[in-house]
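Q: I'm passing along input26.cif; it holds mmCIF, C-alpha atoms and all ligand atoms.
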data_protein
#
loop_
_atom_site.group_PDB
_atom_site.id
_atom_site.type_symbol
_atom_site.label_atom_id
_atom_site.label_comp_id
_atom_site.auth_asym_id
_atom_site.auth_seq_id
_atom_site.Cartn_x
_atom_site.Cartn_y
_atom_site.Cartn_z
ATOM 1 C CA MET V 1 26.901 15.054 -16.297
ATOM 2 C CA LYS V 2 29.160 12.015 -16.802
ATOM 3 C CA LYS V 3 27.260 8.756 -17.070
ATOM 4 C CA ASN V 4 27.840 6.200 -14.299
ATOM 5 C CA GLN V 5 29.011 2.851 -15.720
ATOM 6 C CA ALA V 6 26.919 0.889 -13.199
ATOM 7 C CA LYS V 7 24.432 -1.510 -14.807
ATOM 8 C CA VAL V 8 20.892 -0.912 -13.544
ATOM 9 C CA LEU V 9 17.817 -3.065 -14.208
ATOM 10 C CA VAL V 10 14.369 -1.525 -13.807
ATOM 11 C CA THR V 11 11.682 -4.191 -13.509
ATOM 12 C CA ARG V 12 8.597 -2.194 -14.603
ATOM 13 C CA THR V 13 7.852 0.752 -16.896
ATOM 14 C CA LEU V 14 8.325 4.109 -15.150
ATOM 15 C CA PRO V 15 7.041 7.635 -15.930
ATOM 16 C CA VAL V 16 8.858 9.241 -18.885
ATOM 17 C CA ALA V 17 10.832 11.785 -16.821
ATOM 18 C CA VAL V 18 12.156 9.050 -14.512
ATOM 19 C CA GLU V 19 13.253 6.826 -17.407
ATOM 20 C CA ALA V 20 14.921 9.831 -19.088
ATOM 21 C CA ARG V 21 16.974 10.567 -15.968
ATOM 22 C CA LEU V 22 17.945 6.900 -15.635
ATOM 23 C CA LYS V 23 19.063 6.770 -19.281
ATOM 24 C CA ALA V 24 21.124 9.911 -18.820
ATOM 25 C CA SER V 25 22.742 8.660 -15.605
ATOM 26 C CA TYR V 26 23.296 4.883 -15.910
ATOM 27 C CA ASP V 27 23.800 1.916 -18.208
ATOM 28 C CA VAL V 28 20.134 1.082 -17.697
ATOM 29 C CA SER V 29 17.832 -1.679 -18.968
ATOM 30 C CA LEU V 30 14.220 -0.542 -18.933
ATOM 31 C CA ASN V 31 11.113 -2.695 -19.134
ATOM 32 C CA GLN V 32 9.316 -1.424 -22.244
ATOM 33 C CA ASP V 33 6.272 -3.726 -22.136
ATOM 34 C CA ASP V 34 5.700 -3.432 -18.353
ATOM 35 C CA LYS V 35 5.400 -7.200 -17.965
ATOM 36 C CA ALA V 36 6.535 -8.515 -14.559
ATOM 37 C CA LEU V 37 9.802 -10.509 -14.683
ATOM 38 C CA SER V 38 9.711 -14.221 -13.868
ATOM 39 C CA SER V 39 11.746 -15.524 -10.940
ATOM 40 C CA SER V 40 14.324 -17.014 -13.345
ATOM 41 C CA GLU V 41 14.675 -13.648 -15.115
ATOM 42 C CA LEU V 42 15.155 -11.987 -11.732
ATOM 43 C CA ALA V 43 17.753 -14.612 -10.738
ATOM 44 C CA ARG V 44 19.694 -13.957 -13.959
ATOM 45 C CA ALA V 45 19.474 -10.207 -13.324
ATOM 46 C CA MET V 46 21.056 -10.715 -9.887
ATOM 47 C CA THR V 47 24.249 -11.924 -11.613
ATOM 48 C CA GLU V 48 24.277 -9.411 -14.479
ATOM 49 C CA TYR V 49 23.471 -6.035 -12.909
ATOM 50 C CA ASP V 50 24.936 -3.846 -10.173
ATOM 51 C CA ALA V 51 21.575 -2.420 -9.125
ATOM 52 C CA LEU V 52 17.967 -3.490 -9.244
ATOM 53 C CA VAL V 53 15.009 -1.073 -9.243
ATOM 54 C CA PRO V 54 12.002 -3.307 -8.421
ATOM 55 C CA THR V 55 8.587 -2.654 -6.938
ATOM 56 C CA VAL V 56 5.843 -4.364 -4.919
ATOM 57 C CA SER V 57 5.075 -6.855 -7.718
ATOM 58 C CA ASP V 58 8.624 -8.307 -7.637
ATOM 59 C CA ARG V 59 9.298 -10.958 -5.018
ATOM 60 C CA ILE V 60 12.910 -10.574 -3.926
ATOM 61 C CA ASP V 61 13.090 -13.545 -1.580
ATOM 62 C CA SER V 62 15.953 -15.084 0.387
ATOM 63 C CA SER V 63 17.046 -17.517 -2.311
ATOM 64 C CA LEU V 64 17.113 -14.760 -4.922
ATOM 65 C CA LEU V 65 19.313 -12.661 -2.657
ATOM 66 C CA GLN V 66 21.633 -15.653 -2.270
ATOM 67 C CA THR V 67 21.922 -16.334 -6.025
ATOM 68 C CA PRO V 68 25.447 -17.697 -6.639
ATOM 69 C CA GLY V 69 27.617 -15.101 -8.371
ATOM 70 C CA ARG V 70 25.328 -12.243 -7.292
ATOM 71 C CA GLN V 71 26.503 -8.893 -8.624
ATOM 72 C CA VAL V 72 23.595 -6.730 -7.433
ATOM 73 C CA ARG V 73 24.709 -4.572 -4.495
ATOM 74 C CA ILE V 74 21.741 -2.237 -4.155
ATOM 75 C CA ILE V 75 17.995 -2.745 -4.466
ATOM 76 C CA ALA V 76 16.307 0.650 -4.849
ATOM 77 C CA ASN V 77 12.697 -0.426 -4.290
ATOM 78 C CA ILE V 78 9.951 1.803 -5.692
ATOM 79 C CA GLY V 79 7.425 1.843 -2.854
ATOM 80 C CA VAL V 80 7.343 2.872 0.769
ATOM 81 C CA GLY V 81 6.515 -0.748 1.621
ATOM 82 C CA TYR V 82 9.228 -3.374 1.185
ATOM 83 C CA ASN V 83 7.497 -6.573 2.288
ATOM 84 C CA ASN V 84 8.316 -7.892 -1.213
ATOM 85 C CA ILE V 85 11.990 -8.086 -0.133
ATOM 86 C CA ALA V 86 13.557 -10.514 2.373
ATOM 87 C CA ILE V 87 15.102 -7.719 4.405
ATOM 88 C CA ASP V 88 16.902 -9.917 6.955
ATOM 89 C CA THR V 89 18.669 -11.830 4.183
ATOM 90 C CA ALA V 90 19.543 -8.586 2.385
ATOM 91 C CA ARG V 91 21.111 -7.310 5.612
ATOM 92 C CA ALA V 92 23.005 -10.564 6.157
ATOM 93 C CA GLN V 93 24.217 -10.604 2.541
ATOM 94 C CA GLY V 94 25.336 -6.962 2.670
ATOM 95 C CA VAL V 95 22.861 -5.881 -0.007
ATOM 96 C CA THR V 96 21.684 -2.292 0.449
ATOM 97 C CA VAL V 97 17.916 -1.718 0.218
ATOM 98 C CA SER V 98 16.184 1.662 -0.092
ATOM 99 C CA ASN V 99 12.494 2.644 -0.342
ATOM 100 C CA THR V 100 10.459 5.729 -1.302
ATOM 101 C CA PRO V 101 8.695 7.136 1.793
ATOM 102 C CA ASP V 102 7.011 10.553 2.249
ATOM 103 C CA VAL V 103 6.372 11.336 -1.417
ATOM 104 C CA LEU V 104 3.286 9.090 -1.473
ATOM 105 C CA THR V 105 1.848 9.926 1.948
ATOM 106 C CA ASP V 106 -0.875 12.321 0.772
ATOM 107 C CA ALA V 107 -1.875 10.264 -2.270
ATOM 108 C CA THR V 108 -2.321 7.130 -0.144
ATOM 109 C CA ALA V 109 -4.242 8.987 2.571
ATOM 110 C CA ASP V 110 -6.501 10.373 -0.171
ATOM 111 C CA ILE V 111 -7.303 6.822 -1.291
ATOM 112 C CA ALA V 112 -8.015 5.807 2.328
ATOM 113 C CA LEU V 113 -10.471 8.699 2.556
ATOM 114 C CA LEU V 114 -12.007 7.787 -0.777
ATOM 115 C CA LEU V 115 -12.587 4.237 0.504
ATOM 116 C CA ILE V 116 -14.008 5.493 3.817
ATOM 117 C CA LEU V 117 -16.566 7.584 1.933
ATOM 118 C CA ALA V 118 -17.207 5.002 -0.790
ATOM 119 C CA THR V 119 -18.011 2.246 1.695
ATOM 120 C CA THR V 120 -20.016 4.256 4.215
ATOM 121 C CA ARG V 121 -22.046 5.903 1.411
ATOM 122 C CA ARG V 122 -22.458 2.647 -0.540
ATOM 123 C CA ALA V 123 -20.971 4.217 -3.678
ATOM 124 C CA TYR V 124 -20.257 0.906 -5.414
ATOM 125 C CA ALA V 125 -23.744 -0.594 -5.005
ATOM 126 C CA SER V 126 -25.350 2.721 -5.975
ATOM 127 C CA GLU V 127 -23.225 3.224 -9.068
ATOM 128 C CA ARG V 128 -23.787 -0.361 -10.136
ATOM 129 C CA LYS V 129 -27.544 0.132 -9.800
ATOM 130 C CA LEU V 130 -27.357 3.159 -12.089
ATOM 131 C CA ARG V 131 -25.036 1.529 -14.653
ATOM 132 C CA GLU V 132 -27.255 -1.562 -14.779
ATOM 133 C CA ASN V 133 -30.231 0.663 -15.482
ATOM 134 C CA ARG V 134 -31.977 -0.325 -12.240
ATOM 135 C CA TRP V 135 -32.354 3.272 -10.960
ATOM 136 C CA ASN V 136 -36.031 3.846 -11.662
ATOM 137 C CA ASP V 137 -36.993 6.499 -9.163
ATOM 138 C CA PHE V 138 -35.642 8.823 -6.475
ATOM 139 C CA SER V 139 -36.171 7.317 -3.039
ATOM 140 C CA LEU V 140 -35.984 8.749 0.469
ATOM 141 C CA THR V 141 -35.341 5.380 2.031
ATOM 142 C CA ALA V 142 -33.728 2.973 -0.435
ATOM 143 C CA GLY V 143 -29.985 2.185 -0.246
ATOM 144 C CA LEU V 144 -29.178 4.530 2.619
ATOM 145 C CA GLY V 145 -25.581 4.847 3.736
ATOM 146 C CA CYS V 146 -24.156 6.020 7.026
ATOM 147 C CA SER V 147 -22.919 9.541 7.893
ATOM 148 C CA VAL V 148 -19.354 9.755 9.207
ATOM 149 C CA GLN V 149 -19.640 13.133 10.978
ATOM 150 C CA GLY V 150 -19.158 12.638 14.712
ATOM 151 C CA LYS V 151 -18.310 8.956 14.200
ATOM 152 C CA THR V 152 -15.067 7.385 15.373
ATOM 153 C CA LEU V 153 -12.219 6.452 13.061
ATOM 154 C CA GLY V 154 -9.792 3.882 14.434
ATOM 155 C CA ILE V 155 -6.307 4.024 12.944
ATOM 156 C CA ILE V 156 -4.058 0.969 13.213
ATOM 157 C CA GLY V 157 -0.518 2.256 12.725
ATOM 158 C CA MET V 158 -0.126 6.004 13.345
ATOM 159 C CA GLY V 159 2.868 6.568 11.055
ATOM 160 C CA ARG V 160 3.022 9.118 8.256
ATOM 161 C CA ILE V 161 0.104 7.743 6.204
ATOM 162 C CA GLY V 162 -1.975 6.953 9.312
ATOM 163 C CA GLN V 163 -1.543 10.549 10.493
ATOM 164 C CA ALA V 164 -2.365 12.026 7.078
ATOM 165 C CA THR V 165 -5.539 9.901 6.944
ATOM 166 C CA ALA V 166 -6.547 10.797 10.502
ATOM 167 C CA LYS V 167 -5.999 14.494 9.859
ATOM 168 C CA ARG V 168 -8.222 14.408 6.774
ATOM 169 C CA ALA V 169 -10.899 12.572 8.766
ATOM 170 C CA VAL V 170 -10.766 15.082 11.655
ATOM 171 C CA PHE V 171 -10.624 18.321 9.679
ATOM 172 C CA GLY V 172 -12.334 17.213 6.469
ATOM 173 C CA LEU V 173 -15.024 14.862 7.736
ATOM 174 C CA GLY V 174 -15.519 15.890 11.369
ATOM 175 C CA MET V 175 -14.658 12.434 12.715
ATOM 176 C CA LYS V 176 -13.152 11.574 16.097
ATOM 177 C CA VAL V 177 -9.940 9.537 16.058
ATOM 178 C CA ILE V 178 -8.678 6.724 18.256
ATOM 179 C CA PHE V 179 -5.625 4.690 17.357
ATOM 180 C CA TYR V 180 -3.279 1.831 18.103
ATOM 181 C CA ASN V 181 0.444 2.144 17.491
ATOM 182 C CA ARG V 182 3.195 -0.129 18.830
ATOM 183 C CA SER V 183 5.166 2.802 20.258
ATOM 184 C CA GLN V 184 3.875 5.889 22.033
ATOM 185 C CA VAL V 185 2.894 8.687 19.595
ATOM 186 C CA SER V 186 2.960 12.274 20.812
ATOM 187 C CA ASN V 187 2.933 15.765 19.284
ATOM 188 C CA LEU V 188 0.042 15.102 16.913
ATOM 189 C CA ASP V 189 -1.413 18.348 15.565
ATOM 190 C CA PHE V 190 -4.992 17.058 15.752
ATOM 191 C CA ALA V 191 -7.121 15.441 18.449
ATOM 192 C CA ALA V 192 -6.608 11.667 18.707
ATOM 193 C CA LYS V 193 -6.556 9.165 21.549
ATOM 194 C CA GLN V 194 -3.997 6.364 21.669
ATOM 195 C CA LEU V 195 -5.358 3.052 23.008
ATOM 196 C CA HIS V 196 -3.399 0.074 24.337
ATOM 197 C CA SER V 197 -4.517 -2.660 21.990
ATOM 198 C CA ILE V 198 -5.880 -3.378 18.522
ATOM 199 C CA ASP V 199 -8.856 -5.065 20.218
ATOM 200 C CA GLU V 200 -9.836 -1.835 21.975
ATOM 201 C CA VAL V 201 -9.766 0.100 18.722
ATOM 202 C CA MET V 202 -11.748 -2.599 16.908
ATOM 203 C CA ALA V 203 -14.434 -2.618 19.601
ATOM 204 C CA LEU V 204 -14.909 1.157 19.753
ATOM 205 C CA ALA V 205 -14.433 2.441 16.188
ATOM 206 C CA ASP V 206 -17.111 2.928 13.550
ATOM 207 C CA VAL V 207 -14.506 2.812 10.786
ATOM 208 C CA VAL V 208 -11.082 1.168 11.150
ATOM 209 C CA SER V 209 -8.284 2.039 8.718
ATOM 210 C CA ILE V 210 -5.077 -0.019 8.528
ATOM 211 C CA HIS V 211 -1.733 1.743 8.044
ATOM 212 C CA ALA V 212 0.819 -0.881 9.086
ATOM 213 C CA PRO V 213 3.767 -2.128 6.999
ATOM 214 C CA GLY V 214 2.734 -5.774 6.496
ATOM 215 C CA GLY V 215 5.241 -8.549 5.957
ATOM 216 C CA GLY V 216 4.666 -10.228 9.343
ATOM 217 C CA SER V 217 4.579 -14.009 9.728
ATOM 218 C CA SER V 218 0.827 -13.822 10.434
ATOM 219 C CA PRO V 219 -1.791 -11.132 9.701
ATOM 220 C CA LEU V 220 -1.753 -8.191 12.104
ATOM 221 C CA ILE V 221 -5.571 -8.142 11.990
ATOM 222 C CA SER V 222 -6.631 -11.690 12.817
ATOM 223 C CA ALA V 223 -10.051 -13.355 12.720
ATOM 224 C CA ALA V 224 -10.325 -12.650 16.458
ATOM 225 C CA HIS V 225 -9.698 -8.929 15.884
ATOM 226 C CA ILE V 226 -12.296 -8.841 13.092
ATOM 227 C CA ALA V 227 -14.789 -10.516 15.463
ATOM 228 C CA LYS V 228 -14.377 -7.542 17.825
ATOM 229 C CA LEU V 229 -15.755 -5.071 15.255
ATOM 230 C CA LYS V 230 -19.291 -3.765 15.681
ATOM 231 C CA PRO V 231 -21.772 -5.135 13.101
ATOM 232 C CA SER V 232 -22.191 -1.527 11.925
ATOM 233 C CA ALA V 233 -18.429 -1.005 11.417
ATOM 234 C CA TYR V 234 -16.364 -0.680 8.240
ATOM 235 C CA LEU V 235 -12.794 -1.883 7.669
ATOM 236 C CA ILE V 236 -10.441 -0.027 5.290
ATOM 237 C CA ASN V 237 -7.066 -1.301 4.071
ATOM 238 C CA THR V 238 -4.675 0.707 1.904
ATOM 239 C CA ALA V 239 -1.522 -0.785 3.468
ATOM 240 C CA ARG V 240 -0.731 -4.383 2.524
ATOM 241 C CA GLY V 241 -3.044 -7.323 1.897
ATOM 242 C CA ASP V 242 -1.183 -9.521 4.362
ATOM 243 C CA CYS V 243 -2.080 -7.126 7.208
ATOM 244 C CA ILE V 244 -5.564 -8.707 7.383
ATOM 245 C CA ASP V 245 -6.747 -12.320 7.544
ATOM 246 C CA GLN V 246 -8.527 -12.007 4.186
ATOM 247 C CA SER V 247 -10.553 -15.234 4.478
ATOM 248 C CA ALA V 248 -11.877 -14.174 7.888
ATOM 249 C CA LEU V 249 -12.739 -10.757 6.475
ATOM 250 C CA ILE V 250 -14.687 -12.262 3.557
ATOM 251 C CA GLU V 251 -16.538 -14.546 5.969
ATOM 252 C CA ALA V 252 -17.414 -11.606 8.252
ATOM 253 C CA LEU V 253 -18.592 -9.470 5.322
ATOM 254 C CA SER V 254 -20.697 -12.288 3.894
ATOM 255 C CA THR V 255 -22.405 -13.085 7.187
ATOM 256 C CA GLY V 256 -23.123 -9.505 8.258
ATOM 257 C CA GLN V 257 -20.604 -9.484 11.103
ATOM 258 C CA LEU V 258 -19.544 -6.097 9.801
ATOM 259 C CA ALA V 259 -21.154 -3.532 7.514
ATOM 260 C CA GLY V 260 -18.562 -3.207 4.784
ATOM 261 C CA ALA V 261 -14.955 -2.890 3.717
ATOM 262 C CA GLY V 262 -12.878 -0.698 1.435
ATOM 263 C CA LEU V 263 -9.769 -2.393 0.081
ATOM 264 C CA ASP V 264 -6.900 -1.274 -2.143
ATOM 265 C CA VAL V 265 -4.642 -4.253 -1.319
ATOM 266 C CA TYR V 266 -5.079 -8.048 -1.215
ATOM 267 C CA SER V 267 -3.208 -11.009 0.183
ATOM 268 C CA GLN V 268 -2.244 -12.489 -3.220
ATOM 269 C CA GLU V 269 -2.245 -9.637 -5.697
ATOM 270 C CA PRO V 270 -3.421 -9.406 -8.399
ATOM 271 C CA HIS V 271 -5.746 -12.279 -7.403
ATOM 272 C CA VAL V 272 -8.926 -11.035 -5.733
ATOM 273 C CA PRO V 273 -11.225 -13.896 -4.657
ATOM 274 C CA GLU V 274 -14.565 -14.164 -6.455
ATOM 275 C CA ALA V 275 -16.250 -14.333 -3.015
ATOM 276 C CA LEU V 276 -14.969 -10.804 -2.344
ATOM 277 C CA ARG V 277 -15.714 -9.452 -5.812
ATOM 278 C CA ALA V 278 -19.293 -10.722 -5.556
ATOM 279 C CA LEU V 279 -20.082 -8.686 -2.442
ATOM 280 C CA ASP V 280 -22.104 -5.463 -2.674
ATOM 281 C CA ASN V 281 -20.854 -4.026 0.617
ATOM 282 C CA VAL V 282 -17.227 -3.607 -0.464
ATOM 283 C CA SER V 283 -15.339 -1.050 -2.512
ATOM 284 C CA LEU V 284 -12.385 -2.668 -4.265
ATOM 285 C CA LEU V 285 -9.500 -0.839 -5.918
ATOM 286 C CA PRO V 286 -6.489 -2.417 -7.686
ATOM 287 C CA HIS V 287 -3.613 -1.154 -5.450
ATOM 288 C CA ILE V 288 -3.701 2.471 -6.628
ATOM 289 C CA GLY V 289 -2.744 4.204 -3.354
ATOM 290 C CA SER V 290 0.222 6.008 -4.907
ATOM 291 C CA ALA V 291 -0.999 5.957 -8.501
ATOM 292 C CA THR V 292 -0.786 9.572 -9.652
ATOM 293 C CA LEU V 293 1.677 10.793 -12.290
ATOM 294 C CA GLU V 294 3.141 13.286 -9.824
ATOM 295 C CA VAL V 295 3.656 10.709 -7.089
ATOM 296 C CA ARG V 296 4.951 7.884 -9.284
ATOM 297 C CA THR V 297 7.419 10.374 -10.796
ATOM 298 C CA ALA V 298 8.534 11.483 -7.324
ATOM 299 C CA MET V 299 8.905 7.838 -6.225
ATOM 300 C CA GLY V 300 11.059 7.060 -9.270
ATOM 301 C CA MET V 301 13.191 10.173 -8.720
ATOM 302 C CA LEU V 302 13.730 9.249 -5.070
ATOM 303 C CA ALA V 303 14.828 5.735 -6.106
ATOM 304 C CA ILE V 304 17.395 7.356 -8.440
ATOM 305 C CA ASP V 305 18.540 9.692 -5.632
ATOM 306 C CA ASN V 306 19.210 6.540 -3.602
ATOM 307 C CA LEU V 307 21.183 4.952 -6.477
ATOM 308 C CA ASP V 308 23.179 8.167 -6.982
ATOM 309 C CA ALA V 309 24.075 8.339 -3.289
ATOM 310 C CA PHE V 310 25.004 4.657 -3.191
ATOM 311 C CA PHE V 311 27.368 4.871 -6.159
ATOM 312 C CA ALA V 312 28.805 8.182 -4.887
ATOM 313 C CA GLY V 313 29.440 6.566 -1.482
ATOM 314 C CA THR V 314 27.302 9.127 0.369
ATOM 315 C CA ALA V 315 24.336 8.715 2.756
ATOM 316 C CA LEU V 316 21.190 7.402 1.054
ATOM 317 C CA PRO V 317 18.107 9.645 1.423
ATOM 318 C CA SER V 318 15.936 6.663 2.366
ATOM 319 C CA LYS V 319 17.918 3.574 3.262
ATOM 320 C CA VAL V 320 16.150 0.547 4.762
ATOM 321 C CA VAL V 321 19.256 -1.626 5.319
HETATM 322 C C1 LIG V 401 3.947 1.519 -1.655
HETATM 323 O O1 LIG V 401 4.649 2.493 -1.884
HETATM 324 O O2 LIG V 401 4.239 0.715 -0.786
HETATM 325 C C2 LIG V 401 2.734 1.351 -2.506
HETATM 326 O O3 LIG V 401 1.868 0.419 -1.974
HETATM 327 C C3 LIG V 401 3.138 0.938 -3.903
HETATM 328 O O4 LIG V 401 3.906 -0.207 -3.802
#
I need this file expressed as structure tokens, please.
Ligand code: DGY
A:
Amino acid sequence: MKKNQAKVLVTRTLPVAVEARLKASYDVSLNQDDKALSSSELARAMTEYDALVPTVSDRIDSSLLQTPGRQVRIIANIGVGYNNIAIDTARAQGVTVSNTPDVLTDATADIALLLILATTRRAYASERKLRENRWNDFSLTAGLGCSVQGKTLGIIGMGRIGQATAKRAVFGLGMKVIFYNRSQVSNLDFAAKQLHSIDEVMALADVVSIHAPGGGSSPLISAAHIAKLKPSAYLINTARGDCIDQSALIEALSTGQLAGAGLDVYSQEPHVPEALRALDNVSLLPHIGSATLEVRTAMGMLAIDNLDAFFAGTALPSKVV
């Protein structure tokens, strides 16, 4: 296949097969040491490359998109989420943006399920007890968790990942599902009841799992929403850190306003506040929702499919703007 002359910058190290395809297809600059680029390096890249392949850790803000002498015409983001990119400015500037949906749906729903089980069964506190050599005897009453069978899972955002999580909870864990979604959702192939507001879901659910895109001007789940949760409830977030008022969540967890939380995302990644890390009733993962070799390879390949379509002048498989 003839190599495209377009200059492509990839901001982070990618799986071997993805980098091999990029090298075979484009005049590509790869990031060998996987260190995030600074904003000045990104600004320079905007004037030197035709395409950028960034990810969630790269902030592509309005001023970057308006860099004088910009040459970049397409941003093929690796991630289903694109709250790292100022989409309105990209649209206004005529910069094409694509993302990588679908290929990570199951992997992310798996992590949501893992966090549901880890928090309700107190996996972190129990494992820590064992690792710190404090497990001295079997006990019928110490450190008991909570069974999820027959309990209610509340889904906020019944898109692809919300549905995959709900389905696992219904068929795998025997949970009931209620949900909030901005638009009406029909044709689900499992039992689930759509409610009118986030507040209703918060008040009724035993476990609430967030599956919204993030990137809003204020957190979708506010302090007032968190206050609606039952003291026995758990909050799970595998979507974006800015979906939840993190300070209000930490306060609620510390004061027993809710039983626990399972988080894969944070408001200022990779910073995770000490007050959160110190808590025993949380399970904390470092944004690994899509982190399998298979899925990261599929995400990279889909980003290249988008580049290929863009430079061939055909329809992109997953165009955002
Ligand atoms: C996604 O695809 O949005 C994941 O969170 C990784 O960025």
Q: Counting all atoms listed in the file, what residues are within 7 Å of ligand LIG 401 (chain V), given as a short mmCIF file (atom, residue, chain, number, x, y, z; two decimals) with C-alpha atoms, keeping the file's coordinate frame?
A:
data_model
loop_
_atom_site.label_atom_id
_atom_site.label_comp_id
_atom_site.auth_asym_id
_atom_site.auth_seq_id
_atom_site.Cartn_x
_atom_site.Cartn_y
_atom_site.Cartn_z
CA THR V 55 8.59 -2.65 -6.94
CA VAL V 56 5.84 -4.36 -4.92
CA ILE V 78 9.95 1.80 -5.69
CA GLY V 79 7.42 1.84 -2.85
CA VAL V 80 7.34 2.87 0.77
CA GLY V 81 6.52 -0.75 1.62
CA TYR V 82 9.23 -3.37 1.18
CA THR V 100 10.46 5.73 -1.30
CA LEU V 104 3.29 9.09 -1.47
CA ALA V 239 -1.52 -0.78 3.47
CA HIS V 287 -3.61 -1.15 -5.45
CA GLY V 289 -2.74 4.20 -3.35
CA SER V 290 0.22 6.01 -4.91
#
Q: Here's a test: counting all atoms listed in the file, identify every protein, DNA and RNA residue with an atom at most 9 Å from (24.7, -15.4, -10.2) in the file's coordinate frame, and state them as a count of residues only.
A: 12
Q: Expand the PyMOL selection byres (((chain V and resi 203) around 8) and not hetatm) into the explicit residue set it covers here, and present it as a compact mmCIF listing (two decimals) with C-alpha atoms, in the coordinates of the input.
A:
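Result went into part-v2.txt, see below:
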# COMPACT_ATOMS: atom_id res chain seq x y z
CA ASP V 199 -8.86 -5.07 20.22
CA GLU V 200 -9.84 -1.84 21.98
CA VAL V 201 -9.77 0.10 18.72
CA MET V 202 -11.75 -2.60 16.91
CA LEU V 204 -14.91 1.16 19.75
CA ALA V 205 -14.43 2.44 16.19
CA LYS V 228 -14.38 -7.54 17.82
CA LEU V 229 -15.76 -5.07 15.26
CA LYS V 230 -19.29 -3.76 15.68
Q: Hey, which of V:Thr165, V:Ser29, V:Ser209, V:Ser126 ends up closest to Leu144 (chain V)? Count all atoms listed in the file.
A: V:Ser126
Q: Please identify all polymer residues within 9 Å of Leu195 (chain V), counting all atoms listed in the file, omitting same-chain residues fewer than 2 positions from it, and present them as a ChimeraX atom specification.
A: /V:178-181,193,197-198,200-201
Q: Give me the result of the PyMOL selection byres (((chain V and resi 146) around 12) and not hetatm) on this file, residue by residue, as number ranges by chain.
A: V: 116-123, 143-145, 147-151, 206-207, 232-234, 259-260
Q: Starting from the displayed file, determine the output of the PyMOL selection byres (((chain V and resi 183) around 10) and not hetatm) and express the residue list as a list in words.
A: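 This file, filtered by the PyMOL selection byres (((chain V and resi 183) around 10) and not hetatm), leaves Gly157, Met158, Tyr180, Asn181, Arg182, Gln184, Val185, Ser186, Gln194 and His196 of chain V.
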Q: Quick one: write out the picked residues with C-alpha atoms as an mmCIF file, in the frame of the given file?
A:
data_model
loop_
_atom_site.group_PDB
_atom_site.id
_atom_site.type_symbol
_atom_site.label_atom_id
_atom_site.label_comp_id
_atom_site.auth_asym_id
_atom_site.auth_seq_id
_atom_site.Cartn_x
_atom_site.Cartn_y
_atom_site.Cartn_z
ATOM 1 C CA GLY V 157 -0.518 2.256 12.725
ATOM 2 C CA MET V 158 -0.126 6.004 13.345
ATOM 3 C CA TYR V 180 -3.279 1.831 18.103
ATOM 4 C CA ASN V 181 0.444 2.144 17.491
ATOM 5 C CA ARG V 182 3.195 -0.129 18.830
ATOM 6 C CA GLN V 184 3.875 5.889 22.033
ATOM 7 C CA VAL V 185 2.894 8.687 19.595
ATOM 8 C CA SER V 186 2.960 12.274 20.812
ATOM 9 C CA GLN V 194 -3.997 6.364 21.669
ATOM 10 C CA HIS V 196 -3.399 0.074 24.337
#
Q: Can you measure CA of Val177 (chain V) to CA of Gly159 (chain V) for me? One decimal in Å is fine.
A: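 Going from CA of Val177 (chain V) over to CA of Gly159 (chain V), I get 14.1 Å.
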Q: Skipping near chain neighbours, those fewer than 2 positions away, what residues fall within 8 Å of Ala227 (chain V) using all atoms listed in the file, listed as a list in words?
A: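 Final neighbour list, sorted by chain and number: Ala223, Ala224, His225, Leu229, Ala252 and Gln257 of chain V.
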Q: Kindly indicate which residue among V:Ser254, V:Ser57, V:Ser283, V:Gln5 lies nearest to Thr238 (chain V), using all atoms listed in the file for the distances.
A: V:Ser283
Q: Pick from V:Leu30, V:Leu22, V:Gln163, V:Gly262: nearest to Asn187 (chain V), with all atoms listed in the file counted?
A: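 For Asn187 (chain V), the nearest of the given residues is V:Gln163.
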